[in-house]
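This is upload-v5.txt (compact mmCIF, C-alpha atoms and all ligand atoms).
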# COMPACT_ATOMS: atom_id res chain seq x y z
CA MET A 68 119.69 163.82 129.91
CA SER A 69 116.44 165.37 128.72
CA HIS A 70 115.26 165.87 125.19
CA ASP A 71 114.63 169.58 124.77
CA ALA A 72 113.53 169.62 121.15
CA VAL A 73 111.95 172.67 119.51
CA LYS A 74 108.35 171.59 119.01
CA PRO A 75 106.46 173.12 116.09
CA ALA A 76 104.04 175.85 117.10
CA GLY A 77 100.25 175.95 117.05
CA SER A 78 98.90 173.28 114.79
CA LYS A 79 102.21 171.39 115.11
CA ARG A 80 103.01 172.17 111.52
CA LEU A 81 106.61 172.55 110.44
CA VAL A 82 107.51 174.11 107.10
CA ILE A 83 111.04 173.81 105.71
CA ARG A 84 111.39 176.14 102.72
CA ASN A 85 114.19 177.26 100.41
CA ILE A 86 115.68 173.75 100.21
CA GLY A 87 118.49 173.76 97.65
CA LEU A 88 118.63 170.00 97.09
CA LEU A 89 116.00 167.50 98.18
CA LEU A 90 117.17 163.89 98.44
CA SER A 91 114.38 161.33 98.75
CA GLY A 92 116.18 158.25 100.11
CA ASP A 93 114.73 156.26 97.20
CA LEU A 94 117.30 154.64 94.87
CA ASP A 95 114.89 154.81 91.94
CA ARG A 96 114.38 158.56 92.27
CA PRO A 97 117.04 159.94 94.60
CA ILE A 98 116.58 163.66 93.78
CA LEU A 99 113.17 165.33 94.03
CA ASP A 100 112.15 168.45 92.13
CA ALA A 101 110.91 170.39 95.15
CA ASP A 102 112.06 173.11 97.53
CA THR A 103 109.62 172.81 100.44
CA VAL A 104 108.62 170.05 102.86
CA ILE A 105 105.75 170.35 105.33
CA SER A 106 105.02 168.12 108.30
CA THR A 107 101.98 168.00 110.54
CA ASP A 108 101.97 166.26 113.92
CA GLY A 109 105.29 164.57 113.12
CA ARG A 110 104.37 163.21 109.68
CA ILE A 111 105.25 164.51 106.23
CA THR A 112 102.12 166.03 104.70
CA ALA A 113 103.43 167.88 101.64
CA VAL A 114 106.50 167.92 99.39
CA GLY A 115 106.60 170.45 96.57
CA ARG A 116 107.23 174.01 95.44
CA GLU A 117 106.70 176.78 97.97
CA LYS A 118 104.55 178.77 95.53
CA ASP A 119 102.06 175.89 95.37
CA LEU A 120 101.83 175.26 99.12
CA ASP A 121 100.20 176.89 102.15
CA ILE A 122 103.02 177.76 104.52
CA THR A 123 101.00 179.78 107.02
CA ASN A 124 100.22 178.77 110.60
CA ALA A 125 103.45 176.87 111.08
CA THR A 126 106.95 176.98 112.49
CA VAL A 127 109.02 177.96 109.44
CA VAL A 128 112.62 176.98 108.81
CA ASP A 129 114.56 178.69 106.02
CA ALA A 130 116.89 175.99 104.73
CA ARG A 131 118.98 178.74 103.07
CA GLY A 132 119.71 176.60 100.04
CA THR A 133 121.07 173.61 101.95
CA ALA A 134 120.19 169.98 101.22
CA LEU A 135 117.45 168.08 103.02
CA VAL A 136 117.86 164.31 103.34
CA PRO A 137 115.82 161.76 105.31
CA GLY A 138 117.03 161.18 108.88
CA LEU A 139 119.76 158.55 108.83
CA ILE A 140 119.03 155.08 110.20
CA ASP A 141 121.66 153.05 112.04
CA SER A 142 120.60 149.46 111.36
CA HIS A 143 122.91 147.92 113.97
CA VAL A 144 123.50 149.26 117.48
CA HIS A 145 123.94 147.68 120.90
CA PRO A 146 122.21 149.95 123.42
CA VAL A 147 121.92 149.01 127.07
CA ALA A 148 120.25 151.59 129.30
CA GLY A 149 119.30 155.14 128.42
CA ASP A 150 122.22 157.05 126.93
CA TRP A 151 124.90 155.02 128.72
CA THR A 152 126.98 152.20 127.30
CA PRO A 153 129.02 149.99 129.62
CA ARG A 154 131.06 148.74 126.65
CA GLN A 155 133.34 151.79 126.76
CA ASN A 156 131.68 153.26 129.86
CA GLN A 157 130.48 156.24 127.90
CA LEU A 158 127.60 158.62 128.46
CA GLY A 159 125.66 160.52 125.82
CA TRP A 160 126.59 158.36 122.84
CA ILE A 161 123.10 158.33 121.31
CA ASP A 162 122.76 162.11 121.53
CA SER A 163 126.18 162.37 119.88
CA CYS A 164 125.01 160.12 117.02
CA MET A 165 121.98 162.39 116.57
CA HIS A 166 124.49 165.18 115.96
CA GLY A 167 125.81 162.88 113.20
CA GLY A 168 122.40 162.83 111.52
CA VAL A 169 121.06 159.57 112.99
CA THR A 170 117.38 159.82 113.87
CA THR A 171 116.53 156.11 114.12
CA MET A 172 118.45 153.16 115.55
CA VAL A 173 117.76 149.43 115.49
CA SER A 174 119.13 147.27 118.30
CA ALA A 175 120.95 144.09 117.36
CA GLY A 176 120.68 142.98 120.99
CA GLU A 177 121.28 144.58 124.37
CA VAL A 178 124.16 142.16 124.74
CA HIS A 179 126.47 144.43 126.70
CA THR A 180 124.09 144.55 129.65
CA PRO A 181 126.19 143.70 132.72
CA GLY A 182 125.09 140.28 133.99
CA ARG A 183 122.85 139.72 130.97
CA PRO A 184 120.40 136.93 131.86
CA LYS A 185 120.71 133.81 129.73
CA ASP A 186 117.85 131.80 131.20
CA ILE A 187 114.69 132.03 129.16
CA VAL A 188 112.42 133.90 131.53
CA GLY A 189 115.26 136.30 132.25
CA LEU A 190 116.09 137.03 128.61
CA LYS A 191 112.43 137.59 127.80
CA ALA A 192 112.05 139.97 130.74
CA MET A 193 115.14 141.91 129.70
CA ALA A 194 113.93 142.27 126.10
CA ILE A 195 110.52 143.53 127.19
CA CYS A 196 112.12 145.94 129.65
CA ALA A 197 114.45 147.35 126.94
CA GLN A 198 111.55 147.69 124.48
CA ARG A 199 109.58 149.63 127.07
CA SER A 200 112.37 151.85 128.31
CA PHE A 201 113.65 152.92 124.89
CA THR A 202 110.10 153.62 123.75
CA ALA A 203 109.61 155.89 126.76
CA PHE A 204 113.06 157.54 126.73
CA ARG A 205 114.56 158.91 123.54
CA PRO A 206 118.02 160.46 123.99
CA GLY A 207 118.31 163.43 121.65
CA GLY A 208 114.88 162.49 120.33
CA VAL A 209 116.33 159.45 118.52
CA LYS A 210 113.82 156.68 117.99
CA ILE A 211 115.37 153.41 119.14
CA TYR A 212 113.86 150.07 118.25
CA ALA A 213 115.21 148.01 121.13
CA GLY A 214 114.26 144.93 123.09
CA ALA A 215 116.06 142.39 120.92
CA PRO A 216 116.42 139.05 122.73
CA VAL A 217 119.37 136.79 121.96
CA LEU A 218 118.51 133.19 121.11
CA GLU A 219 119.34 130.62 123.74
CA HIS A 220 118.81 126.85 123.68
CA GLY A 221 115.50 125.75 125.15
CA MET A 222 113.34 128.50 123.62
CA VAL A 223 110.08 127.16 122.21
CA GLU A 224 107.45 128.58 119.85
CA GLU A 225 105.37 129.85 122.77
CA ASP A 226 108.25 132.09 123.85
CA PHE A 227 108.21 133.94 120.51
CA LYS A 228 104.44 134.25 120.62
CA GLU A 229 104.68 135.69 124.12
CA LEU A 230 107.48 138.12 123.16
CA ALA A 231 105.52 139.36 120.14
CA ALA A 232 102.37 139.83 122.21
CA ALA A 233 104.43 141.89 124.67
CA GLY A 234 105.62 144.26 121.91
CA VAL A 235 108.98 142.73 120.91
CA THR A 236 109.58 143.19 117.15
CA ILE A 237 113.23 142.22 116.60
CA LEU A 238 115.70 139.52 117.62
CA GLY A 239 119.24 140.22 118.74
CA GLU A 240 122.00 138.89 116.52
CA VAL A 241 121.63 135.16 116.06
CA GLY A 242 124.86 133.51 117.18
CA LEU A 243 125.59 135.74 120.17
CA GLY A 244 123.79 133.34 122.50
CA SER A 245 124.08 129.57 122.92
CA VAL A 246 122.30 128.77 119.63
CA LYS A 247 125.16 128.37 117.18
CA ASP A 248 123.89 125.67 114.79
CA GLY A 249 121.94 126.45 111.64
CA LYS A 250 119.16 123.93 112.24
CA THR A 251 118.11 125.27 115.64
CA ALA A 252 118.62 128.87 114.54
CA ARG A 253 116.46 128.37 111.46
CA GLN A 254 113.66 126.88 113.55
CA MET A 255 113.70 129.79 115.99
CA VAL A 256 113.95 132.44 113.24
CA THR A 257 110.95 130.81 111.54
CA TRP A 258 108.96 130.97 114.78
CA ALA A 259 109.97 134.61 115.22
CA ARG A 260 108.90 135.46 111.67
CA LYS A 261 105.54 133.73 112.19
CA TYR A 262 104.81 136.21 114.98
CA GLY A 263 106.13 139.28 113.15
CA ILE A 264 109.55 139.42 114.83
CA GLN A 265 112.40 140.35 112.48
CA SER A 266 115.76 138.58 112.74
CA THR A 267 119.43 139.45 112.18
CA ILE A 268 122.39 137.08 112.18
CA HIS A 269 125.99 137.79 113.20
CA THR A 270 128.27 137.12 110.21
CA GLY A 271 132.00 136.42 110.33
CA GLY A 272 134.56 135.91 113.05
CA PRO A 273 134.01 136.40 116.78
CA SER A 274 133.50 140.03 117.79
CA ILE A 275 134.88 139.84 121.31
CA PRO A 276 136.28 136.99 123.42
CA GLY A 277 133.37 134.62 124.08
CA SER A 278 131.55 135.03 120.76
CA SER A 279 132.21 132.74 117.83
CA LEU A 280 132.54 132.31 114.05
CA ILE A 281 129.40 132.26 111.92
CA ASP A 282 130.23 131.19 108.35
CA LYS A 283 128.23 131.45 105.15
CA ASP A 284 126.72 127.97 105.52
CA MET A 285 125.17 128.83 108.85
CA VAL A 286 123.97 132.22 107.56
CA LEU A 287 122.30 130.58 104.56
CA GLU A 288 120.76 127.77 106.61
CA THR A 289 119.41 130.14 109.27
CA ASP A 290 117.95 132.50 106.61
CA ALA A 291 117.51 135.45 108.99
CA ASP A 292 115.90 138.60 107.56
CA VAL A 293 119.12 140.61 107.80
CA ILE A 294 122.62 139.29 107.12
CA GLY A 295 124.15 141.32 109.93
CA HIS A 296 127.51 142.94 109.27
CA VAL A 297 128.18 140.96 106.10
CA ASN A 298 131.58 142.73 106.13
CA GLY A 299 132.44 141.21 109.51
CA GLY A 300 132.00 142.43 112.99
CA HIS A 301 135.00 142.98 112.95
CA THR A 302 136.54 139.94 111.21
CA ALA A 303 135.16 139.33 107.72
CA LEU A 304 134.54 136.00 106.01
CA PRO A 305 136.73 135.13 103.00
CA ASP A 306 135.73 136.93 99.79
CA ASP A 307 134.16 133.87 98.15
CA GLN A 308 131.84 133.42 101.14
CA ILE A 309 130.75 137.07 101.03
CA THR A 310 129.97 136.91 97.32
CA ALA A 311 128.09 133.62 97.92
CA LEU A 312 125.90 135.37 100.52
CA CYS A 313 125.15 138.13 98.00
CA GLU A 314 124.31 135.60 95.29
CA LYS A 315 122.52 132.82 97.16
CA SER A 316 120.36 134.80 99.56
CA ASN A 317 117.84 137.55 98.93
CA ARG A 318 118.02 138.93 102.47
CA ALA A 319 119.30 142.37 103.50
CA LEU A 320 123.07 142.86 103.22
CA GLU A 321 124.08 144.97 106.18
CA ILE A 322 127.45 146.77 106.00
CA VAL A 323 128.79 148.22 109.25
CA HIS A 324 131.38 150.81 110.20
CA ASN A 325 132.93 148.48 112.76
CA GLY A 326 133.64 145.89 110.07
CA ASN A 327 136.21 145.27 107.38
CA GLU A 328 136.17 148.15 104.89
CA ARG A 329 137.60 146.14 102.01
CA ALA A 330 134.87 143.54 102.55
CA ALA A 331 132.32 146.39 102.61
CA LEU A 332 133.49 147.51 99.17
CA LEU A 333 133.38 143.91 97.90
CA THR A 334 129.77 143.62 99.10
CA LEU A 335 128.81 146.91 97.46
CA ARG A 336 130.45 145.93 94.17
CA THR A 337 128.81 142.50 94.16
CA ALA A 338 125.37 143.89 94.98
CA LYS A 339 125.75 146.44 92.17
CA GLU A 340 126.74 143.71 89.69
CA LEU A 341 123.71 141.66 90.75
CA LYS A 342 121.53 144.79 90.39
CA GLN A 343 120.47 144.29 94.01
CA LEU A 344 121.64 147.55 95.55
CA LYS A 345 118.29 147.78 97.34
CA ARG A 346 119.44 145.01 99.69
CA VAL A 347 122.41 147.02 101.00
CA ILE A 348 121.78 148.76 104.35
CA LEU A 349 124.15 150.51 106.76
CA GLY A 350 124.92 150.30 110.47
CA THR A 351 127.73 151.08 112.83
CA ASP A 352 127.68 147.97 115.11
CA SER A 353 128.46 150.32 117.97
CA PRO A 354 129.04 150.56 120.87
CA ALA A 355 131.66 147.87 120.46
CA GLY A 356 135.31 147.16 121.03
CA SER A 357 136.02 149.90 118.49
CA GLY A 358 134.01 152.32 120.59
CA VAL A 359 131.14 154.44 119.32
CA GLN A 360 131.20 156.51 116.17
CA PRO A 361 128.87 159.51 116.31
CA LEU A 362 129.64 160.17 112.63
CA GLY A 363 129.80 156.47 111.71
CA ILE A 364 126.89 156.42 109.28
CA LEU A 365 128.11 159.59 107.56
CA ARG A 366 131.57 158.06 107.34
CA MET A 367 130.13 154.94 105.69
CA ILE A 368 128.25 157.08 103.16
CA SER A 369 131.40 159.02 102.25
CA MET A 370 133.60 155.92 102.16
CA LEU A 371 131.23 153.91 99.95
CA SER A 372 130.66 156.87 97.65
CA ALA A 373 134.31 157.88 97.32
CA LEU A 374 135.92 154.43 97.15
CA GLY A 375 132.95 152.40 95.88
CA ASP A 376 132.21 154.56 92.86
CA LEU A 377 128.68 155.32 94.01
CA PRO A 378 127.03 158.72 93.46
CA ALA A 379 126.50 160.41 96.82
CA GLU A 380 122.73 160.69 96.37
CA LEU A 381 122.60 156.88 96.02
CA ALA A 382 124.97 156.24 98.93
CA ILE A 383 122.59 158.22 101.16
CA CYS A 384 119.74 155.89 100.11
CA LEU A 385 121.60 152.93 101.64
CA ALA A 386 121.35 154.60 105.07
CA THR A 387 117.76 155.79 104.66
CA GLY A 388 115.18 154.35 102.24
CA ASN A 389 116.90 150.99 101.83
CA THR A 390 117.06 150.36 105.57
CA ALA A 391 113.50 151.57 106.10
CA ARG A 392 112.19 149.22 103.43
CA MET A 393 114.23 146.18 104.41
CA ARG A 394 113.25 146.66 108.05
CA GLY A 395 109.67 147.84 107.54
CA LEU A 396 110.18 151.22 109.26
CA ASP A 397 107.91 154.24 108.75
CA CYS A 398 110.81 156.68 108.14
CA GLY A 399 113.75 156.95 105.73
CA LEU A 400 111.93 158.38 102.70
CA ILE A 401 110.69 161.86 101.83
CA GLU A 402 107.07 161.13 100.99
CA SER A 403 103.70 161.96 102.52
CA GLY A 404 102.79 159.83 105.51
CA ARG A 405 106.37 159.02 106.55
CA ALA A 406 107.86 160.18 109.85
CA ALA A 407 109.12 163.77 109.55
CA ASN A 408 112.78 162.94 110.21
CA PHE A 409 115.17 165.21 108.32
CA VAL A 410 118.83 166.14 108.24
CA LEU A 411 119.77 169.45 106.67
CA MET A 412 123.33 169.42 105.44
CA ASP A 413 125.77 171.27 103.24
CA ALA A 414 129.33 170.80 102.06
CA ALA A 415 131.72 171.29 104.96
CA GLN A 416 133.57 174.60 105.01
CA HIS A 417 136.66 174.46 102.77
CA SER A 418 135.84 171.05 101.27
CA ALA A 419 137.51 170.58 97.89
CA GLY A 420 134.11 169.42 96.58
CA LYS A 421 132.10 171.92 94.50
CA ASN A 422 128.88 171.22 96.40
CA LEU A 423 127.46 168.75 98.94
CA LEU A 424 127.24 165.74 96.62
CA ASP A 425 130.67 166.42 95.12
CA SER A 426 132.20 166.81 98.58
CA ILE A 427 130.89 163.39 99.64
CA ARG A 428 132.14 161.89 96.39
CA CYS A 429 135.55 163.37 97.24
CA GLY A 430 135.45 161.45 100.53
CA ASP A 431 134.69 164.40 102.82
CA LEU A 432 132.06 164.37 105.53
CA PRO A 433 129.15 166.76 105.08
CA GLY A 434 128.40 169.45 107.65
CA ILE A 435 125.05 169.15 109.40
CA GLY A 436 123.08 172.33 110.07
CA MET A 437 119.87 170.93 111.55
CA VAL A 438 118.29 167.64 112.65
CA VAL A 439 114.51 167.21 112.80
CA ILE A 440 112.81 164.20 114.40
CA ASP A 441 109.07 163.64 114.26
CA GLY A 442 108.63 167.22 113.06
CA ALA A 443 110.56 168.75 115.99
CA ILE A 444 114.01 170.33 115.79
CA SER A 445 116.43 168.19 117.82
CA ALA A 446 119.63 170.06 116.95
CA GLN A 447 120.75 173.05 114.95
CA ARG A 448 124.42 173.33 113.88
CA SER A 449 125.94 169.94 114.71
CA ARG A 450 128.54 169.92 117.45
CA ASN A 451 130.22 166.91 115.84
CA THR A 452 130.43 167.33 112.07
CA PRO A 453 132.85 169.72 110.43
CA PRO A 454 131.02 173.05 110.12
CA ALA A 455 128.54 173.28 107.26
CA THR A 456 129.13 176.11 104.79
CA ARG A 457 125.53 177.29 105.10
CA VAL A 458 123.11 176.48 107.93
CA PRO A 459 119.30 176.74 108.06
CA GLU A 460 117.58 179.08 110.47
CA VAL A 461 114.25 179.19 112.24
CA VAL A 462 112.28 182.15 110.88
CA PRO A 463 111.07 184.36 113.77
CA SER A 464 107.27 184.22 113.95
ZN ZN A 501 127.81 140.78 115.56

How would this structure read if it were set down as structure tokens?
Ligand SMILES: [Zn+2]
Amino acid sequence: MSHDAVKPAGSKRLVIRNIGLLLSGDLDRPILDADTVISTDGRITAVGREKDLDITNATVVDARGTALVPGLIDSHVHPVAGDWTPRQNQLGWIDSCMHGGVTTMVSAGEVHTPGRPKDIVGLKAMAICAQRSFTAFRPGGVKIYAGAPVLEHGMVEEDFKELAAAGVTILGEVGLGSVKDGKTARQMVTWARKYGIQSTIHTGGPSIPGSSLIDKDMVLETDADVIGHVNGGHTALPDDQITALCEKSNRALEIVHNGNERAALLTLRTAKELKQLKRVILGTDSPAGSGVQPLGILRMISMLSALGDLPAELAICLATGNTARMRGLDCGLIESGRAANFVLMDAAQHSAGKNLLDSIRCGDLPGIGMVVIDGAISAQRSRNTPPATRVPEVVPS
């Protein structure tokens, strides 16, 4: 499947004007007072009022009063090869997620690879191969950070140094391989961190036959950078263990679609009470036994907003700026210098909500009218969301 994005013309400048609502992805300042965003060569170069900006010599999109939000980030996916997943034997799942507003994905391990090697040279080779192939091939234009090796017994510091030198930046979920004790996991996570490799730990009950329970004591001892699916993947820890992870760690609290929704709401409530909402990030944990969810991140935003008493503009930050900051990504926020990844959305047709934010707060999914990745249009009206009331259009040049 090729990526036939609309590339900006000439100087590779893209202007999006007539934006009705500009959401920044930043919890501290979620709504910006601006109606125009400009990108050059895939990076945001200006955010402001159209009357103050030069919008000539560019591909121009009329947002037609819709909302612009940063491209959504799925913090937890399990890709394997291109746009195919063997987990549910499905093709095109990443492109489908792009139609759900996801412009960036982070692998939590290519663990569904048939015959996944568990010897050390094999697992390193597989991680480097995945890093290379997903850098070179971007289904739907989605940027996928992949090549996430799973920890196995016998790995030594030199292995992490070698992986980092080869371009590996993330570990697969700790606990999915043979390393299932906190002491060994902590040592390996510390080595990874020393060489700039970020770590995530599986939290909760086994996901599929063959994986195992990781409880709060192991999560705290390992001290990985991201507490992966703190709401279980799928089976959640008891409530007191989840609140202990919120209180006793300062690491990212990742909530996933393929987890326990009540535990997700408990995590959100606890993080709010601790005034640590910045730690909460969103993923789907797909493909998995529950399948893939092209609208999974949007569904999490609506669910957390509607049932978790969280204004929609803040819920969107969990899937954008929060994830970008916790994971050190160059996207997720509307500010100069960031990757020009945008989703233009509006209230779905016939939503009971008065406008986009109100419709999300009511629990409805928004309608997507355009997805932009690295300053290029990847999709216009989404084939997967309910239809947006208004959709942007490319202005004929
Ligand atoms: Zn997991």

From the options A:Glu460, A:Asp93, A:Asp352, A:Asp284, which residue's atoms come nearest to ligand ZN 501 (chain A), counting all atoms listed in the file?
A:Asp352

Select the residues contacting ligand ZN 501 (chain A) at a distance of at most 9 Å, based on all atoms listed in the file, then format the selection as a PyMOL selection string.
chain A and resi 143+175+240-243+268-274+278+295-296+299-301+352

Would you mind reading off the distance between CA of Val136 in chain A and CA of Val359 in chain A, one decimal, in Å?
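Interatomic distance here is 23.0 Å.
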
From the options A:Ala355, A:Ile122, A:Cys164, A:Ile98, which residue's atoms come nearest to His179 in chain A, counting only C-alpha atoms?
A:Ala355

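Pairwise distance (CA of Ala382 in chain A, CA of Arg336 in chain A) equals 12.6 Å.
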
Cut-off 9 Å: closest range 398-425 of chain A/range 130-134 of chain A atom pairs per residue, using all atoms listed in the file, as JSON lines:
{"residue": "A:Val410", "atom": "CA", "partner": "A:Ala134", "partner_atom": "CA", "distance": 8.1}
{"residue": "A:Leu411", "atom": "CA", "partner": "A:Ala134", "partner_atom": "CA", "distance": 5.5}
{"residue": "A:Met412", "atom": "CA", "partner": "A:Ala134", "partner_atom": "CA", "distance": 5.3}
{"residue": "A:Asp413", "atom": "CA", "partner": "A:Thr133", "partner_atom": "CA", "distance": 5.4}
{"residue": "A:Ala414", "atom": "CA", "partner": "A:Thr133", "partner_atom": "CA", "distance": 8.7}
{"residue": "A:Leu423", "atom": "CA", "partner": "A:Ala134", "partner_atom": "CA", "distance": 7.7}

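Between CA of Leu396 in chain A and CA of Lys210 in chain A lies a distance of 10.9 Å.
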
Which residue is closest to Val127 in chain A? Choose from A:Ile83, A:Leu99, A:Val235, A:Val173 and count all atoms listed in the file.
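Checking each of A:Ile83, A:Leu99, A:Val235, A:Val173 against Val127 in chain A, counting all atoms listed in the file, the winner is A:Ile83.
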
List the neighbours of Val217 in chain A out to 9 Å using all atoms listed in the file; skip same-chain residues closer than 2 positions along the sequence, and give me the result as a VMD selection string.
chain A and resid 175 to 178 185 190 194 215 219 238 to 246

Give me the range 167-252 of chain A side of the contact with range 437-440 of chain A, cut-off 8 Å, one line per residue showing its nearest atom pair and distance in Å at one decimal, counting all atoms listed in the file, sorted by chain and residue number, as a tab-separated table.
residue	atom	partner	partner_atom	distance
A:Gly168	CA	A:Val438	CA	6.4
A:Thr170	CA	A:Ile440	CA	6.4
A:Gly208	CA	A:Ile440	CA	6.5
A:Val209	CA	A:Ile440	CA	7.2

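Proximity to Leu94 in chain A was assessed for A:Leu287, A:Met367, A:Ala203, A:Leu400 counting all atoms listed in the file; the smallest distance is recorded for A:Leu400.
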
Between A:Thr180, A:Thr202, A:Glu321, A:Asp95, which is the closest to Asn156 in chain A once you count all atoms listed in the file?
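Looking at the shortest contact to Asn156 in chain A, the residue is A:Thr180.
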
Pick from A:Glu328, A:Asp141, A:Asp307, A:Asp150: nearest to Thr390 in chain A, with only C-alpha atoms counted?
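Under the stated criterion, the closest residue is A:Asp141.
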
Could you pull the residues within 8 Å of Ile364 in chain A, counting all atoms listed in the file, minus those fewer than 5 positions along the same chain, as a PyMOL selection string?
chain A and resi 139+141+167+169+324+349-351+386

My structure is short of atoms at range 429-436 of chain A; please model all heavy atoms there, returning them as a short mmCIF file (atom, residue, chain, number, x, y, z; two decimals), in the coordinates of the input.
data_model
loop_
_atom_site.label_atom_id
_atom_site.label_comp_id
_atom_site.auth_asym_id
_atom_site.auth_seq_id
_atom_site.Cartn_x
_atom_site.Cartn_y
_atom_site.Cartn_z
N CYS A 429 134.11 163.17 97.00
CA CYS A 429 135.55 163.37 97.24
C CYS A 429 136.01 162.69 98.53
O CYS A 429 137.21 162.70 98.83
CB CYS A 429 135.86 164.86 97.37
SG CYS A 429 135.73 165.80 95.86
N GLY A 430 135.07 162.14 99.30
CA GLY A 430 135.45 161.45 100.53
C GLY A 430 135.34 162.30 101.79
O GLY A 430 135.66 161.83 102.89
N ASP A 431 134.86 163.55 101.63
CA ASP A 431 134.69 164.40 102.82
C ASP A 431 133.37 164.09 103.51
O ASP A 431 132.42 163.59 102.90
CB ASP A 431 134.70 165.88 102.42
CG ASP A 431 136.12 166.41 102.21
OD1 ASP A 431 137.05 165.81 102.79
OD2 ASP A 431 136.27 167.39 101.47
N LEU A 432 133.32 164.44 104.79
CA LEU A 432 132.06 164.37 105.53
C LEU A 432 131.28 165.65 105.28
O LEU A 432 131.87 166.73 105.21
CB LEU A 432 132.32 164.26 107.03
CG LEU A 432 133.00 162.99 107.53
CD1 LEU A 432 133.24 163.09 109.03
CD2 LEU A 432 132.14 161.77 107.22
N PRO A 433 129.95 165.53 105.18
CA PRO A 433 129.15 166.76 105.08
C PRO A 433 129.07 167.45 106.44
O PRO A 433 129.35 166.86 107.48
CB PRO A 433 127.77 166.24 104.65
CG PRO A 433 127.73 164.82 105.12
CD PRO A 433 129.14 164.31 105.13
N GLY A 434 128.67 168.73 106.41
CA GLY A 434 128.40 169.45 107.65
C GLY A 434 126.89 169.49 107.87
O GLY A 434 126.13 169.77 106.94
N ILE A 435 126.48 169.17 109.09
CA ILE A 435 125.05 169.15 109.40
C ILE A 435 124.67 170.49 110.05
O ILE A 435 125.34 170.96 110.97
CB ILE A 435 124.72 167.97 110.32
CG1 ILE A 435 124.80 166.66 109.52
CG2 ILE A 435 123.33 168.13 110.96
CD1 ILE A 435 124.56 165.41 110.33
N GLY A 436 123.55 171.05 109.54
CA GLY A 436 123.08 172.33 110.07
C GLY A 436 121.82 172.23 110.90
O GLY A 436 121.48 173.16 111.64
#
